[in-house]
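Structure file my_file_6.cif (mmCIF, C-alpha atoms and all ligand atoms) is printed below.
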data_protein
loop_
_atom_site.group_PDB
_atom_site.id
_atom_site.type_symbol
_atom_site.label_atom_id
_atom_site.label_comp_id
_atom_site.auth_asym_id
_atom_site.auth_seq_id
_atom_site.Cartn_x
_atom_site.Cartn_y
_atom_site.Cartn_z
ATOM 1 C CA MET A 1 14.737 -5.155 22.294
ATOM 2 C CA GLU A 2 14.068 -1.811 20.630
ATOM 3 C CA THR A 3 10.592 -1.088 19.265
ATOM 4 C CA ARG A 4 10.157 -1.718 15.566
ATOM 5 C CA THR A 5 9.109 1.261 13.479
ATOM 6 C CA ALA A 6 7.030 1.302 10.295
ATOM 7 C CA LEU A 7 6.027 3.931 7.767
ATOM 8 C CA VAL A 8 2.608 3.296 6.194
ATOM 9 C CA THR A 9 1.623 5.637 3.368
ATOM 10 C CA GLY A 10 -2.067 6.467 2.926
ATOM 11 C CA ALA A 11 -2.829 5.536 6.555
ATOM 12 C CA SER A 12 -5.657 8.052 7.044
ATOM 13 C CA ARG A 13 -8.420 5.668 5.975
ATOM 14 C CA GLY A 14 -9.248 2.423 4.190
ATOM 15 C CA ILE A 15 -6.668 -0.344 3.859
ATOM 16 C CA GLY A 16 -3.753 1.842 5.015
ATOM 17 C CA ALA A 17 -5.506 2.731 8.287
ATOM 18 C CA GLY A 18 -6.243 -0.973 8.788
ATOM 19 C CA ILE A 19 -2.595 -1.906 8.193
ATOM 20 C CA ALA A 20 -1.425 0.823 10.586
ATOM 21 C CA ARG A 21 -3.848 -0.430 13.249
ATOM 22 C CA GLY A 22 -2.693 -4.029 12.692
ATOM 23 C CA LEU A 23 0.981 -3.072 13.096
ATOM 24 C CA LEU A 24 0.243 -0.929 16.166
ATOM 25 C CA SER A 25 -1.614 -3.855 17.736
ATOM 26 C CA ARG A 26 1.581 -5.879 17.294
ATOM 27 C CA GLY A 27 3.577 -3.228 19.203
ATOM 28 C CA VAL A 28 5.128 -1.587 16.124
ATOM 29 C CA GLN A 29 5.399 2.230 16.177
ATOM 30 C CA VAL A 30 3.808 3.677 13.060
ATOM 31 C CA ALA A 31 4.514 6.809 11.062
ATOM 32 C CA ALA A 32 1.094 7.267 9.499
ATOM 33 C CA GLY A 33 1.094 8.987 6.110
ATOM 34 C CA TYR A 34 -1.795 11.247 5.155
ATOM 35 C CA ARG A 35 -2.382 13.648 2.286
ATOM 36 C CA SER A 36 -5.475 15.581 3.402
ATOM 37 C CA GLY A 37 -6.985 13.246 5.982
ATOM 38 C CA ARG A 38 -5.052 14.289 9.090
ATOM 39 C CA ALA A 39 -8.112 13.549 11.254
ATOM 40 C CA GLY A 40 -7.818 9.860 10.354
ATOM 41 C CA VAL A 41 -4.225 9.555 11.577
ATOM 42 C CA GLU A 42 -5.026 11.644 14.662
ATOM 43 C CA ALA A 43 -7.758 9.135 15.506
ATOM 44 C CA LEU A 44 -5.124 6.372 15.323
ATOM 45 C CA GLY A 45 -2.880 8.453 17.570
ATOM 46 C CA ALA A 46 -5.682 8.786 20.132
ATOM 47 C CA GLU A 47 -6.191 5.013 20.089
ATOM 48 C CA PHE A 48 -2.457 4.162 20.386
ATOM 49 C CA ARG A 49 -1.000 6.995 22.476
ATOM 50 C CA GLY A 50 2.642 7.853 21.813
ATOM 51 C CA GLN A 51 2.955 5.184 19.109
ATOM 52 C CA VAL A 52 1.780 7.165 16.057
ATOM 53 C CA LEU A 53 3.660 9.875 14.182
ATOM 54 C CA PRO A 54 1.481 11.689 11.617
ATOM 55 C CA VAL A 55 3.501 12.465 8.490
ATOM 56 C CA ARG A 56 2.159 14.520 5.624
ATOM 57 C CA PHE A 57 2.926 12.848 2.338
ATOM 58 C CA ASP A 58 1.669 13.457 -1.187
ATOM 59 C CA LEU A 59 2.707 11.012 -3.916
ATOM 60 C CA ALA A 60 2.428 13.849 -6.418
ATOM 61 C CA ALA A 61 4.780 16.166 -4.525
ATOM 62 C CA GLU A 62 7.628 13.625 -4.423
ATOM 63 C CA SER A 63 8.025 14.632 -0.778
ATOM 64 C CA ASN A 64 10.248 12.589 1.528
ATOM 65 C CA PRO A 65 8.446 11.478 4.703
ATOM 66 C CA VAL A 66 11.313 9.129 5.617
ATOM 67 C CA ALA A 67 13.566 11.925 6.905
ATOM 68 C CA GLU A 68 10.853 12.979 9.365
ATOM 69 C CA VAL A 69 10.478 9.414 10.658
ATOM 70 C CA VAL A 70 14.221 8.887 11.097
ATOM 71 C CA ASP A 71 14.578 12.307 12.800
ATOM 72 C CA HIS A 72 11.827 11.376 15.237
ATOM 73 C CA TRP A 73 12.509 7.720 16.015
ATOM 74 C CA GLY A 74 16.054 7.274 14.721
ATOM 75 C CA ARG A 75 15.146 4.208 12.703
ATOM 76 C CA LEU A 76 12.879 2.609 10.115
ATOM 77 C CA ASP A 77 12.321 -1.154 9.977
ATOM 78 C CA SER A 78 9.244 -1.551 7.800
ATOM 79 C CA LEU A 79 7.895 0.392 4.833
ATOM 80 C CA VAL A 80 4.339 -0.199 3.611
ATOM 81 C CA LEU A 81 3.636 1.524 0.285
ATOM 82 C CA ASN A 82 -0.133 1.671 0.363
ATOM 83 C CA ALA A 83 -1.148 5.145 -0.914
ATOM 84 C CA ALA A 84 -2.379 5.223 -4.487
ATOM 85 C CA VAL A 85 -4.068 7.554 -6.916
ATOM 86 C CA TRP A 86 -6.852 5.958 -8.938
ATOM 87 C CA ASN A 87 -8.830 7.108 -11.942
ATOM 88 C CA GLY A 88 -10.609 4.774 -14.280
ATOM 89 C CA GLY A 89 -11.641 5.046 -17.904
ATOM 90 C CA ARG A 90 -11.140 3.070 -21.077
ATOM 91 C CA LEU A 91 -7.913 3.723 -22.975
ATOM 92 C CA ASP A 92 -9.786 5.266 -25.902
ATOM 93 C CA THR A 93 -11.809 7.650 -23.739
ATOM 94 C CA LEU A 94 -9.619 8.611 -20.755
ATOM 95 C CA ASP A 95 -7.799 11.867 -21.430
ATOM 96 C CA PRO A 96 -4.133 10.985 -22.155
ATOM 97 C CA ALA A 97 -2.924 13.637 -19.698
ATOM 98 C CA GLU A 98 -5.022 12.045 -16.972
ATOM 99 C CA TRP A 99 -3.826 8.562 -17.976
ATOM 100 C CA TRP A 100 -0.220 9.674 -17.541
ATOM 101 C CA ARG A 101 -1.016 11.496 -14.280
ATOM 102 C CA VAL A 102 -2.206 8.228 -12.739
ATOM 103 C CA VAL A 103 0.828 6.304 -13.996
ATOM 104 C CA GLU A 104 3.459 8.920 -13.215
ATOM 105 C CA THR A 105 2.153 9.993 -9.826
ATOM 106 C CA ASN A 106 1.986 6.460 -8.508
ATOM 107 C CA LEU A 107 5.275 5.234 -9.947
ATOM 108 C CA LYS A 108 7.333 8.336 -9.167
ATOM 109 C CA GLY A 109 5.954 8.501 -5.624
ATOM 110 C CA MET A 110 6.586 4.801 -5.033
ATOM 111 C CA ALA A 111 10.175 4.948 -6.290
ATOM 112 C CA ALA A 112 10.986 8.193 -4.453
ATOM 113 C CA VAL A 113 9.817 6.979 -1.023
ATOM 114 C CA THR A 114 11.488 3.604 -1.446
ATOM 115 C CA ARG A 115 14.773 5.187 -2.531
ATOM 116 C CA ALA A 116 14.678 7.511 0.478
ATOM 117 C CA ALA A 117 13.928 4.612 2.846
ATOM 118 C CA ILE A 118 16.744 2.264 1.782
ATOM 119 C CA PRO A 119 19.571 3.747 3.933
ATOM 120 C CA ALA A 120 17.447 3.443 7.091
ATOM 121 C CA LEU A 121 15.993 0.042 6.186
ATOM 122 C CA VAL A 122 19.372 -1.599 5.610
ATOM 123 C CA GLU A 123 20.248 -0.621 9.206
ATOM 124 C CA GLY A 124 16.859 -1.831 10.470
ATOM 125 C CA ASP A 125 15.692 -4.823 12.466
ATOM 126 C CA ARG A 126 14.202 -7.567 10.207
ATOM 127 C CA PRO A 127 13.643 -4.932 7.495
ATOM 128 C CA SER A 128 10.734 -5.267 5.124
ATOM 129 C CA ILE A 129 9.018 -3.458 2.276
ATOM 130 C CA VAL A 130 5.410 -4.303 1.431
ATOM 131 C CA LEU A 131 3.884 -2.838 -1.722
ATOM 132 C CA VAL A 132 0.112 -2.813 -1.877
ATOM 133 C CA GLY A 133 -0.573 -3.784 -5.473
ATOM 134 C CA SER A 134 -3.807 -5.193 -6.859
ATOM 135 C CA VAL A 135 -5.056 -8.274 -8.681
ATOM 136 C CA VAL A 136 -5.908 -5.792 -11.452
ATOM 137 C CA GLY A 137 -2.137 -5.677 -12.125
ATOM 138 C CA ILE A 138 -2.191 -9.437 -12.745
ATOM 139 C CA GLN A 139 -5.601 -10.172 -14.276
ATOM 140 C CA GLY A 140 -6.446 -6.780 -15.796
ATOM 141 C CA PHE A 141 -9.809 -5.007 -15.558
ATOM 142 C CA ALA A 142 -11.666 -3.072 -18.268
ATOM 143 C CA GLY A 143 -11.298 0.660 -17.581
ATOM 144 C CA ASP A 144 -8.064 0.224 -15.629
ATOM 145 C CA THR A 145 -5.232 0.388 -18.194
ATOM 146 C CA ALA A 146 -3.517 3.211 -16.260
ATOM 147 C CA TYR A 147 -4.036 1.840 -12.744
ATOM 148 C CA GLY A 148 -3.428 -1.721 -13.964
ATOM 149 C CA SER A 149 -0.119 -0.644 -15.538
ATOM 150 C CA VAL A 150 0.975 0.805 -12.199
ATOM 151 C CA LYS A 151 -0.008 -2.300 -10.257
ATOM 152 C CA ALA A 152 1.747 -4.594 -12.753
ATOM 153 C CA ALA A 153 4.867 -2.405 -12.614
ATOM 154 C CA MET A 154 4.898 -2.734 -8.827
ATOM 155 C CA ILE A 155 5.513 -6.463 -9.208
ATOM 156 C CA GLY A 156 8.544 -6.011 -11.485
ATOM 157 C CA PHE A 157 9.791 -3.228 -9.214
ATOM 158 C CA ALA A 158 9.423 -5.354 -6.081
ATOM 159 C CA ARG A 159 11.044 -8.447 -7.567
ATOM 160 C CA SER A 160 14.013 -6.474 -8.906
ATOM 161 C CA LEU A 161 14.394 -4.639 -5.609
ATOM 162 C CA ALA A 162 14.189 -7.939 -3.701
ATOM 163 C CA LYS A 163 17.261 -9.022 -5.690
ATOM 164 C CA GLU A 164 19.047 -5.719 -5.061
ATOM 165 C CA LEU A 165 18.418 -5.711 -1.304
ATOM 166 C CA ALA A 166 18.667 -9.395 -0.412
ATOM 167 C CA ARG A 167 22.307 -9.032 0.642
ATOM 168 C CA ASN A 168 21.111 -6.466 3.217
ATOM 169 C CA ASP A 169 18.395 -8.852 4.459
ATOM 170 C CA VAL A 170 15.649 -6.467 3.319
ATOM 171 C CA ARG A 171 12.599 -8.454 2.197
ATOM 172 C CA VAL A 172 10.408 -6.956 -0.536
ATOM 173 C CA ASN A 173 6.929 -8.365 -1.189
ATOM 174 C CA VAL A 174 3.703 -7.399 -2.920
ATOM 175 C CA LEU A 175 0.215 -7.795 -1.539
ATOM 176 C CA ALA A 176 -2.370 -8.004 -4.321
ATOM 177 C CA PRO A 177 -5.874 -7.482 -2.911
ATOM 178 C CA GLY A 178 -9.049 -8.103 -4.862
ATOM 179 C CA PHE A 179 -12.132 -5.953 -4.347
ATOM 180 C CA VAL A 180 -12.331 -4.503 -0.849
ATOM 181 C CA GLU A 181 -14.965 -2.321 0.842
ATOM 182 C CA THR A 182 -13.318 1.146 1.013
ATOM 183 C CA ASP A 183 -13.887 4.658 -0.355
ATOM 184 C CA MET A 184 -12.061 3.537 -3.526
ATOM 185 C CA THR A 185 -14.791 1.018 -4.369
ATOM 186 C CA ALA A 186 -17.725 2.893 -2.824
ATOM 187 C CA GLU A 187 -18.850 4.360 -6.141
ATOM 188 C CA ILE A 188 -18.968 1.101 -8.074
ATOM 189 C CA PRO A 189 -22.601 0.848 -9.266
ATOM 190 C CA GLU A 190 -24.703 -1.811 -7.552
ATOM 191 C CA ARG A 191 -25.039 -3.994 -10.676
ATOM 192 C CA SER A 192 -21.260 -4.071 -11.142
ATOM 193 C CA ARG A 193 -20.768 -4.828 -7.439
ATOM 194 C CA GLN A 194 -23.051 -7.821 -7.764
ATOM 195 C CA ARG A 195 -21.204 -9.008 -10.859
ATOM 196 C CA ILE A 196 -17.849 -8.725 -9.086
ATOM 197 C CA ALA A 197 -19.138 -10.456 -5.946
ATOM 198 C CA SER A 198 -20.588 -13.324 -7.937
ATOM 199 C CA ALA A 199 -17.296 -13.711 -9.864
ATOM 200 C CA THR A 200 -15.493 -14.004 -6.527
ATOM 201 C CA LEU A 201 -15.337 -17.569 -5.178
ATOM 202 C CA LEU A 202 -16.138 -16.375 -1.654
ATOM 203 C CA GLY A 203 -19.084 -14.403 -3.060
ATOM 204 C CA ARG A 204 -18.290 -10.991 -1.557
ATOM 205 C CA PHE A 205 -15.882 -8.047 -1.328
ATOM 206 C CA GLY A 206 -13.078 -8.330 1.241
ATOM 207 C CA THR A 207 -12.858 -6.242 4.393
ATOM 208 C CA VAL A 208 -10.091 -3.838 5.369
ATOM 209 C CA ASP A 209 -9.280 -6.046 8.342
ATOM 210 C CA GLU A 210 -8.760 -9.109 6.123
ATOM 211 C CA ILE A 211 -6.323 -7.245 3.871
ATOM 212 C CA ALA A 212 -4.537 -5.648 6.835
ATOM 213 C CA LYS A 213 -3.869 -9.082 8.348
ATOM 214 C CA ALA A 214 -2.220 -10.213 5.098
ATOM 215 C CA ALA A 215 -0.052 -7.048 5.000
ATOM 216 C CA VAL A 216 1.007 -7.463 8.634
ATOM 217 C CA PHE A 217 1.879 -11.091 7.860
ATOM 218 C CA LEU A 218 4.181 -9.999 5.021
ATOM 219 C CA SER A 219 5.749 -7.222 7.085
ATOM 220 C CA GLU A 220 6.175 -8.984 10.421
ATOM 221 C CA ASP A 221 5.949 -12.759 10.066
ATOM 222 C CA ALA A 222 6.878 -13.868 6.548
ATOM 223 C CA THR A 223 10.613 -13.978 7.290
ATOM 224 C CA PHE A 224 11.404 -16.442 4.460
ATOM 225 C CA CYS A 225 9.368 -14.590 1.824
ATOM 226 C CA THR A 226 10.925 -12.102 -0.536
ATOM 227 C CA GLY A 227 9.908 -11.251 -4.095
ATOM 228 C CA THR A 228 6.539 -12.912 -3.530
ATOM 229 C CA VAL A 229 3.100 -11.727 -4.572
ATOM 230 C CA LEU A 230 0.413 -12.638 -2.060
ATOM 231 C CA THR A 231 -3.054 -12.518 -3.583
ATOM 232 C CA ALA A 232 -5.934 -11.778 -1.205
ATOM 233 C CA ASP A 233 -8.972 -11.622 -3.462
ATOM 234 C CA GLY A 234 -11.462 -14.220 -2.241
ATOM 235 C CA GLY A 235 -10.704 -16.244 -5.369
ATOM 236 C CA TRP A 236 -11.750 -13.529 -7.868
ATOM 237 C CA SER A 237 -8.694 -14.135 -10.060
ATOM 238 C CA LEU A 238 -9.118 -17.919 -10.309
HETATM 239 N N1 LIG A 301 -10.193 -0.942 -2.281
HETATM 240 C C1 LIG A 301 -9.895 -1.913 -3.116
HETATM 241 O O1 LIG A 301 -10.771 -2.657 -3.597
HETATM 242 C C2 LIG A 301 -8.462 -2.165 -3.501
HETATM 243 C C3 LIG A 301 -8.198 -3.324 -4.254
HETATM 244 C C4 LIG A 301 -6.894 -3.606 -4.608
HETATM 245 C C5 LIG A 301 -5.876 -2.755 -4.222
HETATM 246 N N2 LIG A 301 -6.173 -1.633 -3.518
HETATM 247 C C6 LIG A 301 -5.043 -0.779 -3.151
HETATM 248 O O2 LIG A 301 -5.018 -0.589 -1.752
HETATM 249 C C7 LIG A 301 -4.452 0.679 -1.451
HETATM 250 C C8 LIG A 301 -5.385 1.447 -0.543
HETATM 251 O O3 LIG A 301 -6.639 1.572 -1.187
HETATM 252 P P1 LIG A 301 -7.964 1.983 -0.396
HETATM 253 O O4 LIG A 301 -9.070 1.263 -1.046
HETATM 254 O O5 LIG A 301 -7.760 1.876 1.061
HETATM 255 O O6 LIG A 301 -8.057 3.526 -0.814
HETATM 256 P P2 LIG A 301 -8.840 4.743 -0.147
HETATM 257 O O7 LIG A 301 -9.826 4.287 0.864
HETATM 258 O O8 LIG A 301 -9.291 5.570 -1.292
HETATM 259 O O9 LIG A 301 -7.647 5.509 0.641
HETATM 260 C C9 LIG A 301 -6.600 6.035 -0.091
HETATM 261 C C10 LIG A 301 -5.486 6.444 0.850
HETATM 262 O O10 LIG A 301 -4.406 6.910 0.042
HETATM 263 C C11 LIG A 301 -4.134 8.281 0.352
HETATM 264 N N3 LIG A 301 -3.834 9.019 -0.865
HETATM 265 C C12 LIG A 301 -4.628 9.219 -1.949
HETATM 266 N N4 LIG A 301 -3.984 9.962 -2.867
HETATM 267 C C13 LIG A 301 -2.756 10.233 -2.342
HETATM 268 C C14 LIG A 301 -1.633 10.971 -2.785
HETATM 269 N N5 LIG A 301 -1.632 11.640 -3.954
HETATM 270 N N6 LIG A 301 -0.546 11.012 -1.989
HETATM 271 C C15 LIG A 301 -0.515 10.384 -0.810
HETATM 272 N N7 LIG A 301 -1.555 9.707 -0.295
HETATM 273 C C16 LIG A 301 -2.662 9.624 -1.065
HETATM 274 C C17 LIG A 301 -5.382 8.814 1.028
HETATM 275 O O11 LIG A 301 -4.992 9.888 1.884
HETATM 276 P P3 LIG A 301 -5.995 11.113 2.306
HETATM 277 O O12 LIG A 301 -7.150 10.479 3.032
HETATM 278 O O13 LIG A 301 -5.167 11.934 3.226
HETATM 279 O O14 LIG A 301 -6.415 11.760 1.052
HETATM 280 C C18 LIG A 301 -5.879 7.575 1.776
HETATM 281 O O15 LIG A 301 -5.184 7.431 3.004
HETATM 282 C C19 LIG A 301 -4.182 1.341 -2.794
HETATM 283 O O16 LIG A 301 -2.850 1.108 -3.178
HETATM 284 C C20 LIG A 301 -5.126 0.608 -3.734
HETATM 285 O O17 LIG A 301 -4.679 0.657 -5.057
HETATM 286 C C21 LIG A 301 -7.431 -1.320 -3.144
#

Rewritten as C-alpha cells:
Amino acid sequence: METRTALVTGASRGIGAGIARGLLSRGVQVAAGYRSGRAGVEALGAEFRGQVLPVRFDLAAESNPVAEVVDHWGRLDSLVLNAAVWNGGRLDTLDPAEWWRVVETNLKGMAAVTRAAIPALVEGDRPSIVLVGSVVGIQGFAGDTAYGSVKAAMIGFARSLAKELARNDVRVNVLAPGFVETDMTAEIPERSRQRIASATLLGRFGTVDEIAKAAVFLSEDATFCTGTVLTADGGWSL
C-alpha cells in the first residue's frame, strides 16, 4: 500500500503542529504549512525524518501549496485547513478595514487551497478534508464577530462541499474546538481565563494533543462521517 499524504496548513506551532505530529505518528507523510515559523516545521522534520515536506503558505497571499506537494509526492489524500488569522474587537470598535481583513483573508485562503486540492484529492486514497473551525462559530463570543463569521461560514462551506464531493468519496468535516492552550489564547487575561474555565464543564482549557487526536480521527478513522461538525470543547458550549 502506498503511503498516505496530508497537507496541514499552519503546522509550525499550536494545534496544526499537533495535528501534523498525530498524522506522522500514524505513518502519514505530511506537507507542513508555515508562514514565518519555518523552525517549527523543521523540528517536525527532524523528529520524523523523510516524512515532512515544509511548504511556505500564507493565507493572505492566496498562494497554492498543493502544487508543491503533488510535485514532490505525486499525491494528496488528506487536507487539514488549520491556519487562521485572528483579531478580536467589538463590532462597534474594531476598525472596519481590519474586520474585513480577518474575514477575507481566512475565507479566501480557505477556498483557494481547497479548490487547488480537489483534483489531487479525488484521485486520492480515502480522501478527506478537515476544516478546523471553532465553537465560536456556533455559540458566538463577544469581541469575535469577524472571527466568528469565518468559523460559522466554514460549516456552510464544508457541508456544501461534502455534497459536491460525495460522489468522489471525498469526506469533508469540521472540527470545532473550544478554548485550547496555544499562542492564540496566551494573551487572554487571567480573570477571563478563569471565567472561561469555570464555564467549561471539564473546568479547564483543552490541550493541543486532545484537539489533534480529534482531527486525526476525522481525517483517518471517521470513514462514515461527512458533513459533520465535531465539537471538542470540554462542554463549554452546553
Ligand atoms: N487556540 C484555541 O483556543 C482555538 C480554539 C478554537 C479554534 N482554534 C483554531 O485552531 C486553529 C489553530 O489555532 P492555534 O491556536 O494553534 O493558533 P496559533 O498557535 O496562533 O498558530 C497559528 C498557526 O497558523 C499559522 N498562520 C497564522 N497566520 C497565517 C497566515 N496568514 N497564513 C498561513 N498561516 C498562518 C501560523 O504560522 P506561523 O507560525 O508560520 O506564523 C501557525 O502555524 C485555527 O484555525 C484557530 O482558529 C483555536

Name the residues, by chain letter and number, that sit within 6 Å of ligand LIG 301 (chain A) using only C-alpha atoms and all ligand atoms, and give them as a PyMOL selection string. chain A and resi 10-16+34-37+57-60+82-85+132-134+177-185

Selected by the PyMOL selection byres (((chain A and resi 119-123) around 6) and not hetatm) in the shown coordinates: which residues, as a PyMOL selection string? chain A and resi 76-77+117-118+124+127+168

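Across A:Val229, A:Lys213, A:Thr93, A:Ser198, the tightest approach to A:Ile155 is made by A:Val229 when counting only C-alpha atoms.
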
Neighbour list for stretch 222-227 of chain A as a list in words, cut-off 10 Å, only C-alpha atoms, skip fewer than 3 positions in-chain: Arg126, Pro127, Ser128, Ile129, Val130, Ile155, Gly156, Phe157, Ala158, Arg159, Ser160, Leu161, Ala162, Lys163, Leu165, Ala166, Asp169, Val170, Arg171, Val172, Asn173, Val174, Ala214, Ala215, Val216, Phe217, Leu218, Ser219 and Leu230 of chain A

Please expand the PyMOL selection byres (((chain A and resi 144) around 9) and not hetatm) into the concrete residues it hits in this file, giving the result as a ChimeraX atom specification. /A:86-91,136,140-143,145-149

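Candidate residues A:Glu220, A:Glu164, A:Glu42, A:Glu2 were compared for distance to A:Ser25, and the nearest is A:Glu220, using only C-alpha atoms.
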
Which value, in Å to one decimal, gives the distance between atom CA of A:Leu53 and atom CA of A:Arg4? 13.4 Å

Written as a short mmCIF file (atom, residue, chain, number, x, y, z; two decimals) with C-alpha atoms, in the frame of the given file, which residues does the PyMOL selection byres (((chain A and resi 200) around 10) and not hetatm) give for the file shown?
data_model
loop_
_atom_site.label_atom_id
_atom_site.label_comp_id
_atom_site.auth_asym_id
_atom_site.auth_seq_id
_atom_site.Cartn_x
_atom_site.Cartn_y
_atom_site.Cartn_z
CA GLY A 178 -9.05 -8.10 -4.86
CA PHE A 179 -12.13 -5.95 -4.35
CA GLN A 194 -23.05 -7.82 -7.76
CA ARG A 195 -21.20 -9.01 -10.86
CA ILE A 196 -17.85 -8.72 -9.09
CA ALA A 197 -19.14 -10.46 -5.95
CA SER A 198 -20.59 -13.32 -7.94
CA ALA A 199 -17.30 -13.71 -9.86
CA LEU A 201 -15.34 -17.57 -5.18
CA LEU A 202 -16.14 -16.38 -1.65
CA GLY A 203 -19.08 -14.40 -3.06
CA ARG A 204 -18.29 -10.99 -1.56
CA PHE A 205 -15.88 -8.05 -1.33
CA GLY A 206 -13.08 -8.33 1.24
CA ASP A 233 -8.97 -11.62 -3.46
CA GLY A 234 -11.46 -14.22 -2.24
CA GLY A 235 -10.70 -16.24 -5.37
CA TRP A 236 -11.75 -13.53 -7.87
CA SER A 237 -8.69 -14.14 -10.06
CA LEU A 238 -9.12 -17.92 -10.31
#

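The smallest atom-to-atom distance between A:Thr3 and any of A:Ile19, A:Val30, A:Ala186, A:Val113, using all atoms listed in the file, is found for A:Val30.
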
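Between atom CA of A:Arg21 and atom CA of A:Met154 lies a distance of 23.9 Å.
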